[in-house]
Amino acid sequence: MAMDVTANNISNISTPGFKCATARFTDLLYGAERGASGNVAMGMGTRVSEVGRDFGMGALESSGNARHLAIEGEGFFQVRLPGGGVGYTRAGLLGVDGEGNLTLAAGLFLEPPLTLPEGAVASSLAVDERGLVTATGADGKSVEVGRIVLARFVNPAGLEARGDGVLLPTGASGAPVSAVPGEAGAGLLRPGFVERSNVDLAREMVEMIAALRAYEMNAKMVQSADEAMGMANNIVRG
């Protein structure tokens, strides 16, 4: 499990807005064995207690593309899921579909939805740090499309990953609190910037080596125990 989590982190090192995960372990129930001085507690191994996410902010990288949006703060973009419901993402790659609807991660519609006015030029889209979206209308004048609303959570570590950079709320994360960028701690938008993943490659390599060594040691211990039991059986037969 630790290797799988580390491999997933490394594979997403270039995924915008990706938050690295860490597998945490706990010891299993103990069994009582009779010893010379009384009962001895014998451990039964270990299990995964949780896979937690680090929601520390990734570095902001200038892209020169006005449709790229990064959040400088704790907020999340809101997107409408295909089957209904709302998902949350940090990947602010703004797009427009064939009907003029504004989209984000994996082509999902923004929530609340925003649509270009008829005749507005899609390539002229502009977003300010407070989430106000504007475009050039058919008459050449700037028209207001709407405002991007963010959401924040009391415990973002409790969010559940869905894929495509989208996260879902759970009982552990708490209910989302919607806010205009710049209010209620949601953070401001940074147009023309992309939030890189917060994966630290050097740390992930150390975690991978540690997991590999732990696995090797456990395998060696099982092998040694098997050899010892074989020797004991041969002595009894002799």
# chains A, B, ... in the order shown; residues from 1 in each chain; ligands from 1
$ closest_atom_pairs --of "region 98-206 of chain A" --to "region 29-50 of chain A" --cutoff "12 Å" --atoms "only C-alpha atoms" --output "JSON lines"
{"residue": "A:Ala157", "atom": "CA", "partner": "A:Glu50", "partner_atom": "CA", "distance": 10.9}
{"residue": "A:Gly158", "atom": "CA", "partner": "A:Glu50", "partner_atom": "CA", "distance": 10.4}
{"residue": "A:Glu160", "atom": "CA", "partner": "A:Glu50", "partner_atom": "CA", "distance": 11.8}
$ select_by_dssp --residues "region 9-183 of chain A" --states "strand (DSSP E or B)" --output "PyMOL selection string"
chain A and resi 21-27+30-35+38-43+46-53+60-62+68-72+76-80+86-89+92-93+95-96+101-103+109-110+115+121-127+132-136+142-147+150-152+160-163+166-168+177-179
$ closest_residue --among "A:Thr26, A:Thr115, A:Ser197, A:Gln223" --to "Val133 (chain A)" --atoms "only C-alpha atoms"
A:Thr115
$ residues_around --residues "Pro191 (chain A)" --least-positions-apart "5" --cutoff "8 Å" --atoms "only C-alpha atoms" --output "PDB file with C-alpha atoms, in the first residue's frame"
ATOM      1  CA  ASN A  65      -2.505  31.822 -20.438  1.00  0.00           C
ATOM      2  CA  ALA A  66      -5.343  33.977 -19.057  1.00  0.00           C
ATOM      3  CA  ARG A  67      -7.586  30.897 -18.847  1.00  0.00           C
ATOM      4  CA  HIS A  68      -5.315  29.246 -16.318  1.00  0.00           C
ATOM      5  CA  LEU A  69      -6.471  30.040 -12.781  1.00  0.00           C
ATOM      6  CA  ALA A  70      -4.716  29.262  -9.522  1.00  0.00           C
ATOM      7  CA  VAL A 127     -11.105  36.607 -14.955  1.00  0.00           C
ATOM      8  CA  ASP A 128     -10.030  38.950 -12.153  1.00  0.00           C
ATOM      9  CA  GLU A 129      -8.711  37.959  -8.724  1.00  0.00           C
TER      10      GLU A 129
END
$ select_by_dssp --residues "region 100-223 of chain A" --states "alpha helix (DSSP H)" --output "PDB file with N, CA and C atoms, in the first residue's frame"
ATOM      1  N   LEU A 201       9.586  15.276  -4.767  1.00  0.00           N
ATOM      2  CA  LEU A 201      10.162  14.061  -5.355  1.00  0.00           C
ATOM      3  C   LEU A 201      11.206  13.433  -4.448  1.00  0.00           C
ATOM      4  N   ALA A 202      12.055  14.244  -3.820  1.00  0.00           N
ATOM      5  CA  ALA A 202      13.093  13.694  -2.946  1.00  0.00           C
ATOM      6  C   ALA A 202      12.460  12.943  -1.768  1.00  0.00           C
ATOM      7  N   ARG A 203      11.426  13.516  -1.180  1.00  0.00           N
ATOM      8  CA  ARG A 203      10.739  12.864  -0.063  1.00  0.00           C
ATOM      9  C   ARG A 203      10.079  11.567  -0.510  1.00  0.00           C
ATOM     10  N   GLU A 204       9.474  11.577  -1.689  1.00  0.00           N
ATOM     11  CA  GLU A 204       8.808  10.370  -2.188  1.00  0.00           C
ATOM     12  C   GLU A 204       9.807   9.247  -2.452  1.00  0.00           C
ATOM     13  N   MET A 205      10.990   9.603  -2.938  1.00  0.00           N
ATOM     14  CA  MET A 205      12.013   8.580  -3.171  1.00  0.00           C
ATOM     15  C   MET A 205      12.477   7.955  -1.860  1.00  0.00           C
ATOM     16  N   VAL A 206      12.599   8.789  -0.813  1.00  0.00           N
ATOM     17  CA  VAL A 206      12.973   8.262   0.509  1.00  0.00           C
ATOM     18  C   VAL A 206      11.887   7.324   1.027  1.00  0.00           C
ATOM     19  N   GLU A 207      10.608   7.741   0.857  1.00  0.00           N
ATOM     20  CA  GLU A 207       9.495   6.895   1.301  1.00  0.00           C
ATOM     21  C   GLU A 207       9.482   5.563   0.536  1.00  0.00           C
ATOM     22  N   MET A 208       9.781   5.605  -0.743  1.00  0.00           N
ATOM     23  CA  MET A 208       9.789   4.397  -1.547  1.00  0.00           C
ATOM     24  C   MET A 208      10.890   3.438  -1.087  1.00  0.00           C
ATOM     25  N   ILE A 209      12.076   3.969  -0.839  1.00  0.00           N
ATOM     26  CA  ILE A 209      13.191   3.135  -0.383  1.00  0.00           C
ATOM     27  C   ILE A 209      12.875   2.533   0.989  1.00  0.00           C
ATOM     28  N   ALA A 210      12.280   3.344   1.890  1.00  0.00           N
ATOM     29  CA  ALA A 210      11.942   2.848   3.230  1.00  0.00           C
ATOM     30  C   ALA A 210      10.919   1.721   3.146  1.00  0.00           C
ATOM     31  N   ALA A 211       9.902   1.883   2.299  1.00  0.00           N
ATOM     32  CA  ALA A 211       8.886   0.835   2.144  1.00  0.00           C
ATOM     33  C   ALA A 211       9.496  -0.433   1.565  1.00  0.00           C
ATOM     34  N   LEU A 212      10.386  -0.277   0.593  1.00  0.00           N
ATOM     35  CA  LEU A 212      11.035  -1.432  -0.034  1.00  0.00           C
ATOM     36  C   LEU A 212      11.893  -2.188   0.975  1.00  0.00           C
ATOM     37  N   ARG A 213      12.665  -1.449   1.784  1.00  0.00           N
ATOM     38  CA  ARG A 213      13.521  -2.088   2.786  1.00  0.00           C
ATOM     39  C   ARG A 213      12.687  -2.801   3.847  1.00  0.00           C
ATOM     40  N   ALA A 214      11.574  -2.187   4.255  1.00  0.00           N
ATOM     41  CA  ALA A 214      10.704  -2.824   5.253  1.00  0.00           C
ATOM     42  C   ALA A 214      10.136  -4.125   4.704  1.00  0.00           C
ATOM     43  N   TYR A 215       9.741  -4.106   3.439  1.00  0.00           N
ATOM     44  CA  TYR A 215       9.196  -5.321   2.815  1.00  0.00           C
ATOM     45  C   TYR A 215      10.273  -6.408   2.741  1.00  0.00           C
ATOM     46  N   GLU A 216      11.478  -6.005   2.342  1.00  0.00           N
ATOM     47  CA  GLU A 216      12.572  -6.980   2.232  1.00  0.00           C
ATOM     48  C   GLU A 216      12.885  -7.616   3.589  1.00  0.00           C
ATOM     49  N   MET A 217      12.894  -6.792   4.651  1.00  0.00           N
ATOM     50  CA  MET A 217      13.202  -7.317   5.983  1.00  0.00           C
ATOM     51  C   MET A 217      12.123  -8.283   6.454  1.00  0.00           C
ATOM     52  N   ASN A 218      10.857  -7.946   6.201  1.00  0.00           N
ATOM     53  CA  ASN A 218       9.770  -8.844   6.591  1.00  0.00           C
ATOM     54  C   ASN A 218       9.851 -10.164   5.835  1.00  0.00           C
ATOM     55  N   ALA A 219      10.145 -10.084   4.531  1.00  0.00           N
ATOM     56  CA  ALA A 219      10.274 -11.308   3.734  1.00  0.00           C
ATOM     57  C   ALA A 219      11.429 -12.172   4.250  1.00  0.00           C
ATOM     58  N   LYS A 220      12.543 -11.532   4.631  1.00  0.00           N
ATOM     59  CA  LYS A 220      13.697 -12.262   5.162  1.00  0.00           C
ATOM     60  C   LYS A 220      13.357 -12.931   6.492  1.00  0.00           C
ATOM     61  N   MET A 221      12.582 -12.226   7.326  1.00  0.00           N
ATOM     62  CA  MET A 221      12.202 -12.797   8.621  1.00  0.00           C
ATOM     63  C   MET A 221      11.301 -14.022   8.431  1.00  0.00           C
ATOM     64  N   VAL A 222      10.386 -13.957   7.481  1.00  0.00           N
ATOM     65  CA  VAL A 222       9.515 -15.107   7.206  1.00  0.00           C
ATOM     66  C   VAL A 222      10.350 -16.285   6.712  1.00  0.00           C
ATOM     67  N   GLN A 223      11.313 -15.988   5.836  1.00  0.00           N
ATOM     68  CA  GLN A 223      12.174 -17.036   5.310  1.00  0.00           C
ATOM     69  C   GLN A 223      13.008 -17.672   6.431  1.00  0.00           C
TER      70      GLN A 223
END
$ closest_residue --among "A:Gly87, A:Arg162, A:Leu60, A:Arg152" --to "Gly182 (chain A)" --atoms "only C-alpha atoms"
A:Arg152
$ residues_around --residues "Lys19 (chain A)" --least-positions-apart "3" --cutoff "6 Å" --atoms "only C-alpha atoms" --output "JSON, numbers by chain"
{"A": [54, 55, 197, 198]}
$ write_last_selection --atoms "all heavy atoms" --output "CSV table (one decimal), in the first residue's frame"
chain,number,residue,atom,x,y,z
A,54,ASP,N,-2.0,15.7,2.0
A,54,ASP,CA,-1.4,16.9,2.4
A,54,ASP,C,-1.9,18.1,1.5
A,54,ASP,O,-1.7,18.1,0.3
A,54,ASP,CB,0.1,16.9,2.2
A,54,ASP,CG,0.8,18.2,2.5
A,54,ASP,OD1,0.2,19.1,3.0
A,54,ASP,OD2,2.1,18.3,2.3
A,55,PHE,N,-2.7,19.0,2.1
A,55,PHE,CA,-3.3,20.0,1.3
A,55,PHE,C,-2.5,21.3,1.4
A,55,PHE,O,-3.1,22.4,1.2
A,55,PHE,CB,-4.8,20.3,1.8
A,55,PHE,CG,-5.7,19.3,1.1
A,55,PHE,CD1,-6.0,18.1,1.7
A,55,PHE,CD2,-6.4,19.6,0.0
A,55,PHE,CE1,-6.8,17.1,1.2
A,55,PHE,CE2,-7.2,18.7,-0.6
A,55,PHE,CZ,-7.5,17.5,0.0
A,197,SER,N,1.6,20.5,-8.5
A,197,SER,CA,1.3,19.6,-7.4
A,197,SER,C,2.3,19.9,-6.3
A,197,SER,O,3.4,20.4,-6.5
A,197,SER,CB,1.6,18.2,-7.9
A,197,SER,OG,2.9,17.9,-8.1
A,198,ASN,N,1.9,19.5,-5.1
A,198,ASN,CA,2.8,19.7,-3.9
A,198,ASN,C,3.7,18.5,-3.6
A,198,ASN,O,4.1,18.3,-2.5
A,198,ASN,CB,2.0,20.1,-2.7
A,198,ASN,CG,1.0,19.0,-2.2
A,198,ASN,OD1,0.9,18.0,-2.8
A,198,ASN,ND2,0.4,19.3,-1.1
$ closest_residue --among "A:Gly100, A:Gly17, A:Gly52, A:Gly85" --to "Leu159 (chain A)" --atoms "only C-alpha atoms"
A:Gly52
$ atom_distance --atom1 "CA of Arg130 (chain A)" --atom2 "CA of Ile13 (chain A)"
28.3 Å
$ closest_residue --among "A:Arg53, A:Arg147, A:Lys141, A:Arg237" --to "Phe77 (chain A)" --atoms "only C-alpha atoms"
A:Arg147
$ residues_around --residues "Thr136 (chain A)" --least-positions-apart "2" --cutoff "9 Å" --atoms "only C-alpha atoms" --output "PDB file with all heavy atoms, in the first residue's frame"
ATOM      1  N   GLY A 119     -23.109  35.831 -28.897  1.00  0.00           N
ATOM      2  CA  GLY A 119     -22.263  36.754 -29.645  1.00  0.00           C
ATOM      3  C   GLY A 119     -20.954  37.090 -28.969  1.00  0.00           C
ATOM      4  O   GLY A 119     -20.076  37.703 -29.579  1.00  0.00           O
ATOM      5  N   ALA A 120     -20.787  36.680 -27.703  1.00  0.00           N
ATOM      6  CA  ALA A 120     -19.538  36.968 -26.992  1.00  0.00           C
ATOM      7  C   ALA A 120     -18.402  36.127 -27.567  1.00  0.00           C
ATOM      8  O   ALA A 120     -18.603  34.999 -28.009  1.00  0.00           O
ATOM      9  CB  ALA A 120     -19.692  36.691 -25.504  1.00  0.00           C
ATOM     10  N   VAL A 121     -17.210  36.676 -27.561  1.00  0.00           N
ATOM     11  CA  VAL A 121     -16.028  36.008 -28.119  1.00  0.00           C
ATOM     12  C   VAL A 121     -15.359  35.176 -27.035  1.00  0.00           C
ATOM     13  O   VAL A 121     -14.900  35.725 -26.024  1.00  0.00           O
ATOM     14  CB  VAL A 121     -15.032  37.037 -28.691  1.00  0.00           C
ATOM     15  CG1 VAL A 121     -13.829  36.328 -29.299  1.00  0.00           C
ATOM     16  CG2 VAL A 121     -15.723  37.922 -29.725  1.00  0.00           C
ATOM     17  N   ALA A 122     -15.320  33.855 -27.223  1.00  0.00           N
ATOM     18  CA  ALA A 122     -14.770  32.957 -26.208  1.00  0.00           C
ATOM     19  C   ALA A 122     -13.298  33.243 -25.926  1.00  0.00           C
ATOM     20  O   ALA A 122     -12.846  33.152 -24.784  1.00  0.00           O
ATOM     21  CB  ALA A 122     -14.954  31.510 -26.639  1.00  0.00           C
ATOM     22  N   SER A 123     -12.554  33.597 -26.966  1.00  0.00           N
ATOM     23  CA  SER A 123     -11.115  33.833 -26.793  1.00  0.00           C
ATOM     24  C   SER A 123     -10.816  35.088 -25.983  1.00  0.00           C
ATOM     25  O   SER A 123      -9.677  35.310 -25.577  1.00  0.00           O
ATOM     26  CB  SER A 123     -10.427  33.923 -28.158  1.00  0.00           C
ATOM     27  OG  SER A 123     -10.967  34.992 -28.913  1.00  0.00           O
ATOM     28  N   SER A 124     -11.845  35.916 -25.738  1.00  0.00           N
ATOM     29  CA  SER A 124     -11.629  37.161 -24.998  1.00  0.00           C
ATOM     30  C   SER A 124     -11.918  37.013 -23.513  1.00  0.00           C
ATOM     31  O   SER A 124     -11.920  38.015 -22.777  1.00  0.00           O
ATOM     32  CB  SER A 124     -12.524  38.266 -25.577  1.00  0.00           C
ATOM     33  OG  SER A 124     -13.900  37.982 -25.353  1.00  0.00           O
ATOM     34  N   LEU A 125     -12.177  35.794 -23.062  1.00  0.00           N
ATOM     35  CA  LEU A 125     -12.491  35.578 -21.650  1.00  0.00           C
ATOM     36  C   LEU A 125     -11.404  36.142 -20.740  1.00  0.00           C
ATOM     37  O   LEU A 125     -10.204  35.970 -20.984  1.00  0.00           O
ATOM     38  CB  LEU A 125     -12.632  34.082 -21.360  1.00  0.00           C
ATOM     39  CG  LEU A 125     -14.003  33.427 -21.503  1.00  0.00           C
ATOM     40  CD1 LEU A 125     -13.890  31.947 -21.214  1.00  0.00           C
ATOM     41  CD2 LEU A 125     -15.011  34.077 -20.582  1.00  0.00           C
ATOM     42  N   THR A 134     -15.406  38.194 -17.466  1.00  0.00           N
ATOM     43  CA  THR A 134     -15.885  39.107 -18.508  1.00  0.00           C
ATOM     44  C   THR A 134     -15.433  38.604 -19.874  1.00  0.00           C
ATOM     45  O   THR A 134     -14.528  37.772 -19.979  1.00  0.00           O
ATOM     46  CB  THR A 134     -15.343  40.536 -18.291  1.00  0.00           C
ATOM     47  OG1 THR A 134     -13.905  40.494 -18.265  1.00  0.00           O
ATOM     48  CG2 THR A 134     -15.862  41.129 -16.987  1.00  0.00           C
ATOM     49  N   ALA A 138     -20.672  41.061 -28.884  1.00  0.00           N
ATOM     50  CA  ALA A 138     -20.763  41.225 -30.334  1.00  0.00           C
ATOM     51  C   ALA A 138     -20.556  42.666 -30.758  1.00  0.00           C
ATOM     52  O   ALA A 138     -20.103  42.937 -31.873  1.00  0.00           O
ATOM     53  CB  ALA A 138     -22.132  40.721 -30.812  1.00  0.00           C
ATOM     54  N   ASP A 139     -20.854  43.599 -29.864  1.00  0.00           N
ATOM     55  CA  ASP A 139     -20.685  45.024 -30.188  1.00  0.00           C
ATOM     56  C   ASP A 139     -19.295  45.539 -29.859  1.00  0.00           C
ATOM     57  O   ASP A 139     -19.034  46.736 -29.973  1.00  0.00           O
ATOM     58  CB  ASP A 139     -21.736  45.850 -29.453  1.00  0.00           C
ATOM     59  CG  ASP A 139     -21.677  45.659 -27.928  1.00  0.00           C
ATOM     60  OD1 ASP A 139     -20.804  44.876 -27.471  1.00  0.00           O
ATOM     61  OD2 ASP A 139     -22.483  46.276 -27.207  1.00  0.00           O
ATOM     62  N   GLY A 140     -18.406  44.626 -29.443  1.00  0.00           N
ATOM     63  CA  GLY A 140     -17.039  45.030 -29.134  1.00  0.00           C
ATOM     64  C   GLY A 140     -16.852  45.553 -27.723  1.00  0.00           C
ATOM     65  O   GLY A 140     -15.728  45.898 -27.337  1.00  0.00           O
ATOM     66  N   LYS A 141     -17.927  45.592 -26.936  1.00  0.00           N
ATOM     67  CA  LYS A 141     -17.831  46.083 -25.566  1.00  0.00           C
ATOM     68  C   LYS A 141     -17.699  44.918 -24.590  1.00  0.00           C
ATOM     69  O   LYS A 141     -18.128  43.797 -24.871  1.00  0.00           O
ATOM     70  CB  LYS A 141     -19.072  46.919 -25.219  1.00  0.00           C
ATOM     71  CG  LYS A 141     -19.211  48.193 -26.045  1.00  0.00           C
ATOM     72  CD  LYS A 141     -20.441  48.974 -25.622  1.00  0.00           C
ATOM     73  CE  LYS A 141     -20.590  50.258 -26.453  1.00  0.00           C
ATOM     74  NZ  LYS A 141     -21.804  51.030 -26.064  1.00  0.00           N
ATOM     75  N   SER A 142     -17.135  45.206 -23.434  1.00  0.00           N
ATOM     76  CA  SER A 142     -16.961  44.177 -22.414  1.00  0.00           C
ATOM     77  C   SER A 142     -18.297  43.870 -21.747  1.00  0.00           C
ATOM     78  O   SER A 142     -19.048  44.780 -21.379  1.00  0.00           O
ATOM     79  CB  SER A 142     -15.955  44.651 -21.361  1.00  0.00           C
ATOM     80  OG  SER A 142     -15.778  43.683 -20.351  1.00  0.00           O
ATOM     81  N   VAL A 143     -18.603  42.587 -21.620  1.00  0.00           N
ATOM     82  CA  VAL A 143     -19.826  42.167 -20.951  1.00  0.00           C
ATOM     83  C   VAL A 143     -19.472  41.251 -19.778  1.00  0.00           C
ATOM     84  O   VAL A 143     -18.493  40.501 -19.823  1.00  0.00           O
ATOM     85  CB  VAL A 143     -20.784  41.427 -21.921  1.00  0.00           C
ATOM     86  CG1 VAL A 143     -21.293  42.359 -22.989  1.00  0.00           C
ATOM     87  CG2 VAL A 143     -20.090  40.220 -22.555  1.00  0.00           C
ATOM     88  N   GLU A 144     -20.282  41.321 -18.728  1.00  0.00           N
ATOM     89  CA  GLU A 144     -20.053  40.503 -17.545  1.00  0.00           C
ATOM     90  C   GLU A 144     -20.717  39.142 -17.725  1.00  0.00           C
ATOM     91  O   GLU A 144     -21.916  39.051 -17.979  1.00  0.00           O
ATOM     92  CB  GLU A 144     -20.603  41.213 -16.309  1.00  0.00           C
ATOM     93  CG  GLU A 144     -20.318  40.487 -15.009  1.00  0.00           C
ATOM     94  CD  GLU A 144     -20.790  41.269 -13.801  1.00  0.00           C
ATOM     95  OE1 GLU A 144     -20.532  42.499 -13.749  1.00  0.00           O
ATOM     96  OE2 GLU A 144     -21.430  40.661 -12.909  1.00  0.00           O
TER      97      GLU A 144
END
$ residues_around --residues "Pro113 (chain A)" --least-positions-apart "3" --cutoff "8 Å" --atoms "only C-alpha atoms" --output "list in words"
Asn101, Leu102, Phe109 and Leu110 of chain A
$ write_last_selection --atoms "N, CA and C atoms" --output "short mmCIF file (atom, residue, chain, number, x, y, z; two decimals), in the first residue's frame"
data_model
loop_
_atom_site.label_atom_id
_atom_site.label_comp_id
_atom_site.auth_asym_id
_atom_site.auth_seq_id
_atom_site.Cartn_x
_atom_site.Cartn_y
_atom_site.Cartn_z
N ASN A 101 -20.80 27.15 -22.49
CA ASN A 101 -20.74 26.91 -21.05
C ASN A 101 -19.28 26.85 -20.60
N LEU A 102 -19.00 27.48 -19.48
CA LEU A 102 -17.64 27.47 -18.94
C LEU A 102 -17.40 26.16 -18.19
N PHE A 109 -18.81 21.21 -15.90
CA PHE A 109 -19.34 22.58 -15.81
C PHE A 109 -19.04 23.20 -14.46
N LEU A 110 -18.82 24.50 -14.48
CA LEU A 110 -18.67 25.23 -13.23
C LEU A 110 -19.98 25.20 -12.46
#
$ closest_residue --among "A:Glu72, A:Glu61, A:Glu227, A:Asp164" --to "Leu104 (chain A)" --atoms "only C-alpha atoms"
A:Asp164
$ residues_around --residues "Asn9 (chain A)" --least-positions-apart "6" --cutoff "7 Å" --atoms "only C-alpha atoms" --output "mmCIF file with N, CA, C and O atoms, in the first residue's frame"
data_model
loop_
_atom_site.group_PDB
_atom_site.id
_atom_site.type_symbol
_atom_site.label_atom_id
_atom_site.label_comp_id
_atom_site.auth_asym_id
_atom_site.auth_seq_id
_atom_site.Cartn_x
_atom_site.Cartn_y
_atom_site.Cartn_z
ATOM 1 N N CYS A 20 -0.434 15.499 -2.591
ATOM 2 C CA CYS A 20 0.189 14.203 -2.320
ATOM 3 C C CYS A 20 -0.492 13.505 -1.138
ATOM 4 O O CYS A 20 -1.065 14.143 -0.252
ATOM 5 N N ALA A 21 -0.422 12.186 -1.152
ATOM 6 C CA ALA A 21 -1.026 11.354 -0.113
ATOM 7 C C ALA A 21 0.053 10.606 0.649
ATOM 8 O O ALA A 21 1.171 10.414 0.163
ATOM 9 N N VAL A 199 3.840 17.598 -4.611
ATOM 10 C CA VAL A 199 4.657 16.389 -4.437
ATOM 11 C C VAL A 199 6.136 16.778 -4.366
ATOM 12 O O VAL A 199 6.646 17.485 -5.235
#
$ closest_residue --among "A:Glu183, A:Asp226, A:Asp4, A:Glu99" --to "Pro117 (chain A)" --atoms "only C-alpha atoms"
A:Glu99
